[in-house]
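S.K.: Take a look at this one; I'll ask things after.
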Amino acid sequence: MKKRSILKFALAAAALASAAVASAQTNYKPEYKMSLVVGTAFPWGKGGEIWANLVRERTQGRINIKLYPGVSLVQGDQTREFTAIRQGVIDLAIGSTINWSPQVKELNLFSLPFLMPDYAAIDALTRGDVGRQIFSIIDRAGVMPLAWGENGYREITNSKKALRTPDDLKGLKIRVVGSPLFLDTFTALGANPTQMSWADAQPALASGAVDGQENPMSIFTAAKLQNVGQKNVTMWGYVADPLVFVVNKEVWASWTPADQAIVRQAAIDAGKEQVAIARKGLDEADRPLLKEIAALGVTITQLTPQEREAFVKATRPVYDKWKTQIGADLVTSAERAIAARR
Ligand code: X2X
């Protein structure tokens with residue numbers, strides 16, 4: 001070929017390629033909506049920001065994601081988030097397994113009291129066969145799962161007293177999240193649980209309408225729960241909620257395979273970083289975050305193994321009941337994976 005025709009050919013090829021990209025992108029929305037319960041002051045919201053930024057950079061802006069914290073796309077009702085993702089009201093989300101468990105009952109696995117004694121136990125589930133099984137369940141429920149993140153170990157806090165025994169919980173009004181499993185757990189402990197959204201929980205704590213709540217310490221510090229009367233924290237590590245990075249299926253199908261791969265890898269990368277942020281100050285042996293919280297005038301109670309065992313015993317009937325509801329095979333696989341953890 002002459003120089004001139006090489007140039008012509010190259011120009012034609014370039015035009016064709018860009019037309020192909022443009023036509024693949026005609027279904028692309030100018031902006032995609034990502035739902036989150038909390039914003040970027042929290043490790044959870046940070047994960048959303050990291051994911052959105054990675055996707056924007058790696059797709060050169062073809063996929064542009066905006067964060068909607070406070071589950072504002074479902075008017076703050078976090079237990080309706082999963083349905084809204086499936087229906088396309090939400091394009092992407094990083095959601096807690098607790099908030100989606102009303103629609104996907106297997107997600108209650110992580111809320112079984114005292115199933116996961118330490119971080120290695122969570123990892124044994126999310127990074128292993130149980131995690132893969134759960135992703136295929138979420139997929140069959142109509143939402144595309146891409147990666148795991150973490151909210152964290154949910155510690156019990158209250159405005160009245162330091163809790164050391166199940167007896168100390170008697171009669172305390174405790175705000176819990178959307179799954180009935182939490183009502184069962186706190187009822188078994190003799191407390192008076194009441195279900196409400198995170199948005200409603202904070203004013204209820206401030207007014208004293210409820211005495212206590214349970215949430216990870218990263219939520220406690222970012223939401224400054226010490227300022228709404230929560231002066232007592234007991235580190236009992238009874239459950240932890242992983243987060244799941246997901247995309248609506250129609251949105252997913254509208255992207256090119258190359259862009260799907262980018263969004264998936266960005267979720268995995270953001271998830272890893274998000275888990276590290278969520279564990280910061282808590283997965284070191286001396287748990288330095290607890291010193292910082294104590295310095296805010298908060299009493300932190302650490303249970304001896306025997307004291308913790310009393311809580312395990314008191315909630316065992318709830319564990320057994322929910323093992324059947326979740327699916328005994330799945331729970332048994334989880335128990336085995338945890339027993340075999342390194
Ligand atoms: O509502 C809560 O407690 C929170 C913020 O942890 C969840 O969304 C599960």
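Naming works like this for the structure tokens: A, B, ... for the chains as they're shown, residue 1 at the start of each chain, ligands 1 onward in shown order.
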What residues of the protein or nucleic acid chains come within 6 Å of ligand 1 when you use only C-alpha atoms and all ligand atoms? Reply as a PyMOL selection string.
M.R.: chain A and resi 37+96+98-99+177+197-198+215
S.K.: May I have the selected residues written with all heavy atoms, as a PDB file, in the first residue's frame?
M.R.:
ATOM      1  N   VAL A  37     -26.287   3.021  52.755  1.00  0.00           N
ATOM      2  CA  VAL A  37     -26.992   3.472  53.959  1.00  0.00           C
ATOM      3  C   VAL A  37     -26.299   4.698  54.555  1.00  0.00           C
ATOM      4  O   VAL A  37     -26.954   5.634  54.996  1.00  0.00           O
ATOM      5  CB  VAL A  37     -27.124   2.338  54.999  1.00  0.00           C
ATOM      6  CG1 VAL A  37     -27.764   2.853  56.293  1.00  0.00           C
ATOM      7  CG2 VAL A  37     -27.964   1.191  54.435  1.00  0.00           C
ATOM      8  N   SER A  96     -25.745  -3.989  53.179  1.00  0.00           N
ATOM      9  CA  SER A  96     -25.508  -4.912  54.282  1.00  0.00           C
ATOM     10  C   SER A  96     -26.371  -6.158  54.105  1.00  0.00           C
ATOM     11  O   SER A  96     -27.540  -6.074  53.741  1.00  0.00           O
ATOM     12  CB  SER A  96     -25.850  -4.238  55.609  1.00  0.00           C
ATOM     13  OG  SER A  96     -26.021  -5.216  56.622  1.00  0.00           O
ATOM     14  N   ILE A  98     -27.713  -7.686  56.359  1.00  0.00           N
ATOM     15  CA  ILE A  98     -28.874  -7.582  57.260  1.00  0.00           C
ATOM     16  C   ILE A  98     -30.053  -6.938  56.527  1.00  0.00           C
ATOM     17  O   ILE A  98     -31.181  -7.423  56.585  1.00  0.00           O
ATOM     18  CB  ILE A  98     -28.531  -6.739  58.506  1.00  0.00           C
ATOM     19  CG1 ILE A  98     -27.409  -7.385  59.305  1.00  0.00           C
ATOM     20  CG2 ILE A  98     -29.776  -6.574  59.394  1.00  0.00           C
ATOM     21  CD1 ILE A  98     -26.906  -6.520  60.455  1.00  0.00           C
ATOM     22  N   ASN A  99     -29.769  -5.856  55.825  1.00  0.00           N
ATOM     23  CA  ASN A  99     -30.851  -5.107  55.183  1.00  0.00           C
ATOM     24  C   ASN A  99     -31.515  -5.874  54.044  1.00  0.00           C
ATOM     25  O   ASN A  99     -32.657  -5.602  53.692  1.00  0.00           O
ATOM     26  CB  ASN A  99     -30.321  -3.773  54.662  1.00  0.00           C
ATOM     27  CG  ASN A  99     -29.861  -2.873  55.791  1.00  0.00           C
ATOM     28  OD1 ASN A  99     -30.353  -2.987  56.906  1.00  0.00           O
ATOM     29  ND2 ASN A  99     -28.905  -2.005  55.516  1.00  0.00           N
ATOM     30  N   VAL A 177     -32.273  -3.781  63.679  1.00  0.00           N
ATOM     31  CA  VAL A 177     -32.484  -3.614  62.237  1.00  0.00           C
ATOM     32  C   VAL A 177     -33.596  -4.537  61.756  1.00  0.00           C
ATOM     33  O   VAL A 177     -34.198  -5.277  62.536  1.00  0.00           O
ATOM     34  CB  VAL A 177     -31.173  -3.876  61.460  1.00  0.00           C
ATOM     35  CG1 VAL A 177     -31.083  -3.013  60.221  1.00  0.00           C
ATOM     36  CG2 VAL A 177     -29.964  -3.626  62.329  1.00  0.00           C
ATOM     37  N   SER A 197     -35.481   1.926  61.264  1.00  0.00           N
ATOM     38  CA  SER A 197     -34.404   2.215  60.317  1.00  0.00           C
ATOM     39  C   SER A 197     -33.285   2.980  61.021  1.00  0.00           C
ATOM     40  O   SER A 197     -33.487   3.538  62.103  1.00  0.00           O
ATOM     41  CB  SER A 197     -34.945   3.046  59.153  1.00  0.00           C
ATOM     42  OG  SER A 197     -35.230   4.352  59.621  1.00  0.00           O
ATOM     43  N   TRP A 198     -32.147   3.031  60.363  1.00  0.00           N
ATOM     44  CA  TRP A 198     -31.003   3.767  60.902  1.00  0.00           C
ATOM     45  C   TRP A 198     -31.341   5.260  61.010  1.00  0.00           C
ATOM     46  O   TRP A 198     -30.960   5.938  61.952  1.00  0.00           O
ATOM     47  CB  TRP A 198     -29.783   3.516  60.011  1.00  0.00           C
ATOM     48  CG  TRP A 198     -28.576   4.321  60.339  1.00  0.00           C
ATOM     49  CD1 TRP A 198     -27.915   5.182  59.515  1.00  0.00           C
ATOM     50  CD2 TRP A 198     -27.847   4.335  61.583  1.00  0.00           C
ATOM     51  NE1 TRP A 198     -26.843   5.736  60.164  1.00  0.00           N
ATOM     52  CE2 TRP A 198     -26.776   5.232  61.435  1.00  0.00           C
ATOM     53  CE3 TRP A 198     -28.009   3.678  62.816  1.00  0.00           C
ATOM     54  CZ2 TRP A 198     -25.866   5.499  62.449  1.00  0.00           C
ATOM     55  CZ3 TRP A 198     -27.101   3.946  63.832  1.00  0.00           C
ATOM     56  CH2 TRP A 198     -26.050   4.838  63.650  1.00  0.00           C
ATOM     57  N   ASN A 215     -24.229  -1.835  66.668  1.00  0.00           N
ATOM     58  CA  ASN A 215     -23.623  -1.433  65.398  1.00  0.00           C
ATOM     59  C   ASN A 215     -22.110  -1.567  65.518  1.00  0.00           C
ATOM     60  O   ASN A 215     -21.573  -1.567  66.628  1.00  0.00           O
ATOM     61  CB  ASN A 215     -23.993   0.026  65.068  1.00  0.00           C
ATOM     62  CG  ASN A 215     -24.862   0.138  63.820  1.00  0.00           C
ATOM     63  OD1 ASN A 215     -24.512  -0.357  62.753  1.00  0.00           O
ATOM     64  ND2 ASN A 215     -26.013   0.775  63.965  1.00  0.00           N
TER      65      ASN A 215
END
S.K.: Find the spatial neighbours of Ala276 in chain A, counting only C-alpha atoms, within a cut-off of 12 Å - ignore same-chain residues fewer than 5 positions away - and output them as a PyMOL selection string.
M.R.: chain A and resi 43-44+46-47+119+148-152+218+269-271+281-284
S.K.: Include all heavy atoms and write out the residues we just selected as a compact mmCIF listing (two decimals), in the first residue's frame.
M.R.:
# COMPACT_ATOMS: atom_id res chain seq x y z
N PRO A 43 -16.57 3.98 56.85
CA PRO A 43 -15.85 3.07 55.96
C PRO A 43 -16.75 2.53 54.83
O PRO A 43 -16.31 2.39 53.69
CB PRO A 43 -15.41 1.93 56.89
CG PRO A 43 -15.29 2.57 58.24
CD PRO A 43 -16.36 3.63 58.28
N TRP A 44 -17.99 2.26 55.14
CA TRP A 44 -18.96 1.76 54.16
C TRP A 44 -19.12 2.74 52.99
O TRP A 44 -18.99 2.35 51.81
CB TRP A 44 -20.28 1.56 54.91
CG TRP A 44 -21.46 0.97 54.20
CD1 TRP A 44 -21.67 0.84 52.86
CD2 TRP A 44 -22.62 0.43 54.83
NE1 TRP A 44 -22.89 0.27 52.62
CE2 TRP A 44 -23.49 0.00 53.81
CE3 TRP A 44 -23.03 0.27 56.16
CZ2 TRP A 44 -24.74 -0.58 54.09
CZ3 TRP A 44 -24.26 -0.29 56.43
CH2 TRP A 44 -25.12 -0.72 55.41
N LYS A 46 -17.09 5.18 52.23
CA LYS A 46 -15.76 5.30 51.59
C LYS A 46 -15.61 4.24 50.51
O LYS A 46 -15.08 4.51 49.43
CB LYS A 46 -14.65 5.10 52.63
CG LYS A 46 -14.09 6.36 53.25
CD LYS A 46 -12.84 6.78 52.50
CE LYS A 46 -12.34 8.16 52.87
NZ LYS A 46 -13.36 9.19 52.94
N GLY A 47 -16.07 3.04 50.81
CA GLY A 47 -16.01 1.95 49.83
C GLY A 47 -16.76 2.33 48.55
O GLY A 47 -16.30 2.05 47.45
N TYR A 119 -12.31 -12.34 62.90
CA TYR A 119 -12.24 -11.91 61.50
C TYR A 119 -11.92 -13.07 60.56
O TYR A 119 -12.42 -13.14 59.44
CB TYR A 119 -11.22 -10.79 61.33
CG TYR A 119 -11.70 -9.45 61.85
CD1 TYR A 119 -10.99 -8.76 62.84
CD2 TYR A 119 -12.86 -8.86 61.34
CE1 TYR A 119 -11.43 -7.53 63.31
CE2 TYR A 119 -13.31 -7.64 61.80
CZ TYR A 119 -12.60 -6.97 62.78
OH TYR A 119 -13.04 -5.76 63.24
N TRP A 148 -17.27 -8.62 47.94
CA TRP A 148 -17.61 -8.49 49.36
C TRP A 148 -16.92 -7.28 49.99
O TRP A 148 -15.77 -6.97 49.66
CB TRP A 148 -17.15 -9.73 50.13
CG TRP A 148 -17.90 -10.99 49.80
CD1 TRP A 148 -17.51 -11.96 48.92
CD2 TRP A 148 -19.15 -11.42 50.35
NE1 TRP A 148 -18.46 -12.97 48.89
CE2 TRP A 148 -19.47 -12.67 49.75
CE3 TRP A 148 -20.05 -10.88 51.29
CZ2 TRP A 148 -20.63 -13.38 50.06
CZ3 TRP A 148 -21.21 -11.59 51.59
CH2 TRP A 148 -21.49 -12.82 50.99
N GLY A 149 -17.62 -6.64 50.91
CA GLY A 149 -17.03 -5.62 51.77
C GLY A 149 -17.43 -5.97 53.20
O GLY A 149 -17.79 -7.11 53.49
N GLU A 150 -17.36 -5.00 54.10
CA GLU A 150 -17.69 -5.30 55.49
C GLU A 150 -18.16 -4.07 56.25
O GLU A 150 -17.54 -3.02 56.19
CB GLU A 150 -16.42 -5.85 56.16
CG GLU A 150 -16.65 -6.43 57.55
CD GLU A 150 -15.45 -7.25 57.97
OE1 GLU A 150 -15.19 -8.31 57.35
OE2 GLU A 150 -14.73 -6.81 58.88
N ASN A 151 -19.29 -4.24 56.96
CA ASN A 151 -19.69 -3.21 57.92
C ASN A 151 -18.90 -3.48 59.20
O ASN A 151 -18.10 -2.67 59.60
CB ASN A 151 -21.20 -3.23 58.12
CG ASN A 151 -21.73 -2.00 58.85
OD1 ASN A 151 -21.03 -0.99 58.96
ND2 ASN A 151 -22.94 -2.08 59.37
N GLY A 152 -19.08 -4.66 59.80
CA GLY A 152 -18.20 -5.01 60.92
C GLY A 152 -18.91 -5.74 62.05
O GLY A 152 -20.12 -6.01 61.98
N SER A 218 -17.06 1.39 63.96
CA SER A 218 -16.80 2.42 62.94
C SER A 218 -18.06 3.26 62.70
O SER A 218 -17.98 4.44 62.36
CB SER A 218 -16.31 1.79 61.64
OG SER A 218 -17.35 1.03 61.05
N ASP A 269 -11.39 -4.65 44.01
CA ASP A 269 -10.31 -3.80 44.55
C ASP A 269 -10.84 -2.88 45.64
O ASP A 269 -10.23 -2.73 46.70
CB ASP A 269 -9.67 -2.97 43.43
CG ASP A 269 -8.97 -3.84 42.39
OD1 ASP A 269 -8.75 -5.03 42.67
OD2 ASP A 269 -8.65 -3.33 41.29
N ALA A 270 -11.99 -2.26 45.39
CA ALA A 270 -12.58 -1.34 46.38
C ALA A 270 -13.00 -2.12 47.62
O ALA A 270 -12.85 -1.64 48.75
CB ALA A 270 -13.78 -0.61 45.77
N GLY A 271 -13.51 -3.33 47.44
CA GLY A 271 -13.94 -4.17 48.56
C GLY A 271 -12.79 -4.48 49.49
O GLY A 271 -12.91 -4.38 50.71
N GLY A 281 -7.88 -0.32 63.50
CA GLY A 281 -7.97 -0.06 64.94
C GLY A 281 -8.64 -1.18 65.71
O GLY A 281 -8.73 -1.12 66.94
N LEU A 282 -9.14 -2.19 65.00
CA LEU A 282 -9.85 -3.29 65.66
C LEU A 282 -9.21 -4.65 65.42
O LEU A 282 -9.41 -5.58 66.19
CB LEU A 282 -11.31 -3.34 65.19
CG LEU A 282 -12.18 -2.15 65.63
CD1 LEU A 282 -13.52 -2.18 64.88
CD2 LEU A 282 -12.42 -2.16 67.13
N ASP A 283 -8.45 -4.78 64.32
CA ASP A 283 -7.85 -6.10 64.07
C ASP A 283 -6.40 -6.19 64.53
O ASP A 283 -5.75 -7.21 64.36
CB ASP A 283 -8.03 -6.55 62.61
CG ASP A 283 -7.33 -5.66 61.60
OD1 ASP A 283 -6.82 -4.58 61.99
OD2 ASP A 283 -7.30 -6.03 60.41
N GLU A 284 -5.89 -5.12 65.15
CA GLU A 284 -4.59 -5.20 65.81
C GLU A 284 -4.84 -5.75 67.22
O GLU A 284 -5.92 -5.54 67.78
CB GLU A 284 -3.95 -3.82 65.92
CG GLU A 284 -3.75 -3.09 64.58
CD GLU A 284 -4.95 -2.23 64.16
OE1 GLU A 284 -6.11 -2.59 64.50
OE2 GLU A 284 -4.74 -1.21 63.50
S.K.: So which residues touch Leu205 in chain A within 9 Å, counting only C-alpha atoms, skipping near sequence neighbours fewer than 5 positions away, as a PDB file with N, CA, C and O atoms, in the first residue's frame?
M.R.:
ATOM      1  N   ASN A 158     -25.468   1.157  75.148  1.00  0.00           N
ATOM      2  CA  ASN A 158     -26.686   1.674  75.772  1.00  0.00           C
ATOM      3  C   ASN A 158     -26.375   2.864  76.678  1.00  0.00           C
ATOM      4  O   ASN A 158     -25.215   3.137  76.990  1.00  0.00           O
ATOM      5  N   SER A 159     -27.436   3.533  77.081  1.00  0.00           N
ATOM      6  CA  SER A 159     -27.286   4.757  77.881  1.00  0.00           C
ATOM      7  C   SER A 159     -27.375   4.493  79.385  1.00  0.00           C
ATOM      8  O   SER A 159     -27.143   5.402  80.177  1.00  0.00           O
ATOM      9  N   ARG A 175     -32.881  -0.737  69.982  1.00  0.00           N
ATOM     10  CA  ARG A 175     -33.212  -0.595  68.562  1.00  0.00           C
ATOM     11  C   ARG A 175     -32.488  -1.675  67.761  1.00  0.00           C
ATOM     12  O   ARG A 175     -31.287  -1.881  67.929  1.00  0.00           O
ATOM     13  N   ASP A 200     -34.205   6.584  61.660  1.00  0.00           N
ATOM     14  CA  ASP A 200     -35.056   6.815  62.830  1.00  0.00           C
ATOM     15  C   ASP A 200     -34.331   6.515  64.140  1.00  0.00           C
ATOM     16  O   ASP A 200     -34.719   7.003  65.204  1.00  0.00           O
ATOM     17  N   VAL A 210     -35.415   5.026  72.947  1.00  0.00           N
ATOM     18  CA  VAL A 210     -34.776   3.714  73.122  1.00  0.00           C
ATOM     19  C   VAL A 210     -33.498   3.902  73.937  1.00  0.00           C
ATOM     20  O   VAL A 210     -32.900   4.979  73.936  1.00  0.00           O
ATOM     21  N   ASP A 211     -33.106   2.828  74.647  1.00  0.00           N
ATOM     22  CA  ASP A 211     -31.933   2.906  75.526  1.00  0.00           C
ATOM     23  C   ASP A 211     -30.636   2.546  74.812  1.00  0.00           C
ATOM     24  O   ASP A 211     -29.571   3.028  75.200  1.00  0.00           O
ATOM     25  N   GLY A 212     -30.746   1.664  73.817  1.00  0.00           N
ATOM     26  CA  GLY A 212     -29.512   1.159  73.227  1.00  0.00           C
ATOM     27  C   GLY A 212     -29.678   0.695  71.802  1.00  0.00           C
ATOM     28  O   GLY A 212     -30.790   0.732  71.239  1.00  0.00           O
ATOM     29  N   GLN A 213     -28.574   0.229  71.233  1.00  0.00           N
ATOM     30  CA  GLN A 213     -28.545  -0.234  69.853  1.00  0.00           C
ATOM     31  C   GLN A 213     -27.316  -1.096  69.673  1.00  0.00           C
ATOM     32  O   GLN A 213     -26.465  -1.170  70.560  1.00  0.00           O
ATOM     33  N   LEU A 225     -22.095   8.358  68.394  1.00  0.00           N
ATOM     34  CA  LEU A 225     -23.208   7.873  69.214  1.00  0.00           C
ATOM     35  C   LEU A 225     -23.030   8.204  70.699  1.00  0.00           C
ATOM     36  O   LEU A 225     -23.995   8.190  71.462  1.00  0.00           O
ATOM     37  N   VAL A 228     -25.396  10.827  71.701  1.00  0.00           N
ATOM     38  CA  VAL A 228     -26.824  10.530  71.881  1.00  0.00           C
ATOM     39  C   VAL A 228     -26.987   9.520  73.026  1.00  0.00           C
ATOM     40  O   VAL A 228     -27.813   8.602  72.961  1.00  0.00           O
ATOM     41  N   GLY A 229     -26.180   9.733  74.055  1.00  0.00           N
ATOM     42  CA  GLY A 229     -26.351   8.989  75.304  1.00  0.00           C
ATOM     43  C   GLY A 229     -25.681   7.636  75.386  1.00  0.00           C
ATOM     44  O   GLY A 229     -25.730   6.986  76.433  1.00  0.00           O
ATOM     45  N   GLN A 230     -25.028   7.205  74.293  1.00  0.00           N
ATOM     46  CA  GLN A 230     -24.490   5.841  74.286  1.00  0.00           C
ATOM     47  C   GLN A 230     -23.118   5.805  74.971  1.00  0.00           C
ATOM     48  O   GLN A 230     -22.067   5.791  74.328  1.00  0.00           O
TER      49      GLN A 230
END
S.K.: One number please: CA of Val38 in chain A to CA of Val246 in chain A, in Å, one decimal.
M.R.: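 Interatomic distance here is 16.2 Å.
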S.K.: From a DSSP pass on the backbone, collect the residues of range 75-284 of chain A flagged as strand (DSSP E) and hand them back as a ChimeraX atom specification.
M.R.: /A:92-96,143-153,155-158,173-176,192-195,212-215,232-235,240-248
S.K.: Write out as a PyMOL selection string all residues of range 23-189 of chain A that backbone DSSP assigns to alpha helix (DSSP H).
M.R.: chain A and resi 23-24+43-58+81-87+97-100+119-126+129-140+180-188
S.K.: Using only C-alpha atoms, determine which residues lie at most 10 Å from Thr83 in chain A, disregarding the query and same-chain residues fewer than 5 positions distant; provide the list as a ChimeraX atom specification.
M.R.: /A:74,88-90,100,102-103,141-143
S.K.: Might you pull out every residue within 10 Å of Trp252 in chain A, with only C-alpha atoms counted and same-chain residues fewer than 3 positions away left off, and present them as a list in words?
M.R.: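 Once the nearby chain positions are removed, what remains is Asp91, Leu92, Val143, Met144, Val246, Val247, Asn248, Lys249, Trp255, Thr256, Pro257, Asp259, Gln260 and Val263 of chain A.
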S.K.: Restricting it to C-alpha atoms, dump the selection as a compact mmCIF listing (two decimals), in the first residue's frame.
M.R.:
# COMPACT_ATOMS: atom_id res chain seq x y z
CA ASP A 91 -28.51 0.89 39.53
CA LEU A 92 -25.76 -0.17 41.92
CA VAL A 143 -29.31 -8.99 41.36
CA MET A 144 -25.70 -9.27 40.09
CA VAL A 246 -24.00 -5.36 43.39
CA VAL A 247 -25.41 -4.09 40.10
CA ASN A 248 -28.95 -4.20 38.71
CA LYS A 249 -29.11 -6.95 36.06
CA TRP A 255 -22.54 -2.75 29.41
CA THR A 256 -19.91 -4.17 27.06
CA PRO A 257 -18.05 -7.26 28.35
CA ASP A 259 -16.79 -2.59 30.87
CA GLN A 260 -18.39 -5.39 32.92
CA VAL A 263 -16.71 -2.72 37.05
S.K.: Set the distance at 9 Å and use only C-alpha atoms: which residues neighbour Phe135 in chain A once local chain neighbours fewer than 2 positions away are removed? I'd like the list as a PDB file with N, CA and C atoms, in the first residue's frame.
M.R.:
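Once everything was written out, this is around10.pdb:
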ATOM      1  N   VAL A 130     -18.826 -20.986  50.824  1.00  0.00           N
ATOM      2  CA  VAL A 130     -20.080 -20.415  51.332  1.00  0.00           C
ATOM      3  C   VAL A 130     -20.349 -19.069  50.649  1.00  0.00           C
ATOM      4  N   GLY A 131     -19.310 -18.266  50.505  1.00  0.00           N
ATOM      5  CA  GLY A 131     -19.436 -16.977  49.823  1.00  0.00           C
ATOM      6  C   GLY A 131     -19.909 -17.163  48.388  1.00  0.00           C
ATOM      7  N   ARG A 132     -19.343 -18.149  47.715  1.00  0.00           N
ATOM      8  CA  ARG A 132     -19.754 -18.409  46.327  1.00  0.00           C
ATOM      9  C   ARG A 132     -21.204 -18.880  46.264  1.00  0.00           C
ATOM     10  N   GLN A 133     -21.596 -19.725  47.225  1.00  0.00           N
ATOM     11  CA  GLN A 133     -23.008 -20.181  47.259  1.00  0.00           C
ATOM     12  C   GLN A 133     -23.943 -18.995  47.456  1.00  0.00           C
ATOM     13  N   ILE A 137     -26.996 -17.416  45.121  1.00  0.00           N
ATOM     14  CA  ILE A 137     -28.364 -17.188  45.633  1.00  0.00           C
ATOM     15  C   ILE A 137     -28.811 -15.746  45.324  1.00  0.00           C
ATOM     16  N   ILE A 138     -27.926 -14.787  45.531  1.00  0.00           N
ATOM     17  CA  ILE A 138     -28.247 -13.382  45.230  1.00  0.00           C
ATOM     18  C   ILE A 138     -28.517 -13.226  43.726  1.00  0.00           C
ATOM     19  N   ASP A 139     -27.691 -13.881  42.933  1.00  0.00           N
ATOM     20  CA  ASP A 139     -27.860 -13.859  41.477  1.00  0.00           C
ATOM     21  C   ASP A 139     -29.246 -14.400  41.104  1.00  0.00           C
ATOM     22  N   ARG A 140     -29.608 -15.534  41.678  1.00  0.00           N
ATOM     23  CA  ARG A 140     -30.923 -16.128  41.372  1.00  0.00           C
ATOM     24  C   ARG A 140     -32.061 -15.262  41.889  1.00  0.00           C
ATOM     25  N   MET A 144     -27.046  -8.799  40.424  1.00  0.00           N
ATOM     26  CA  MET A 144     -25.698  -9.275  40.085  1.00  0.00           C
ATOM     27  C   MET A 144     -24.686  -8.938  41.186  1.00  0.00           C
ATOM     28  N   PRO A 145     -24.194  -9.967  41.921  1.00  0.00           N
ATOM     29  CA  PRO A 145     -23.213  -9.694  42.985  1.00  0.00           C
ATOM     30  C   PRO A 145     -21.789  -9.697  42.432  1.00  0.00           C
ATOM     31  N   LEU A 146     -20.954  -8.776  42.917  1.00  0.00           N
ATOM     32  CA  LEU A 146     -19.598  -8.657  42.362  1.00  0.00           C
ATOM     33  C   LEU A 146     -18.487  -8.826  43.383  1.00  0.00           C
ATOM     34  N   ALA A 147     -18.689  -8.360  44.603  1.00  0.00           N
ATOM     35  CA  ALA A 147     -17.581  -8.386  45.568  1.00  0.00           C
ATOM     36  C   ALA A 147     -18.116  -8.225  46.989  1.00  0.00           C
TER      37      ALA A 147
END
S.K.: Could you check how far CA of Arg264 in chain A sits from CA of Thr126 in chain A, in Å to one decimal?
M.R.: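 Taking CA of Arg264 in chain A and CA of Thr126 in chain A, their separation equals 16.2 Å.
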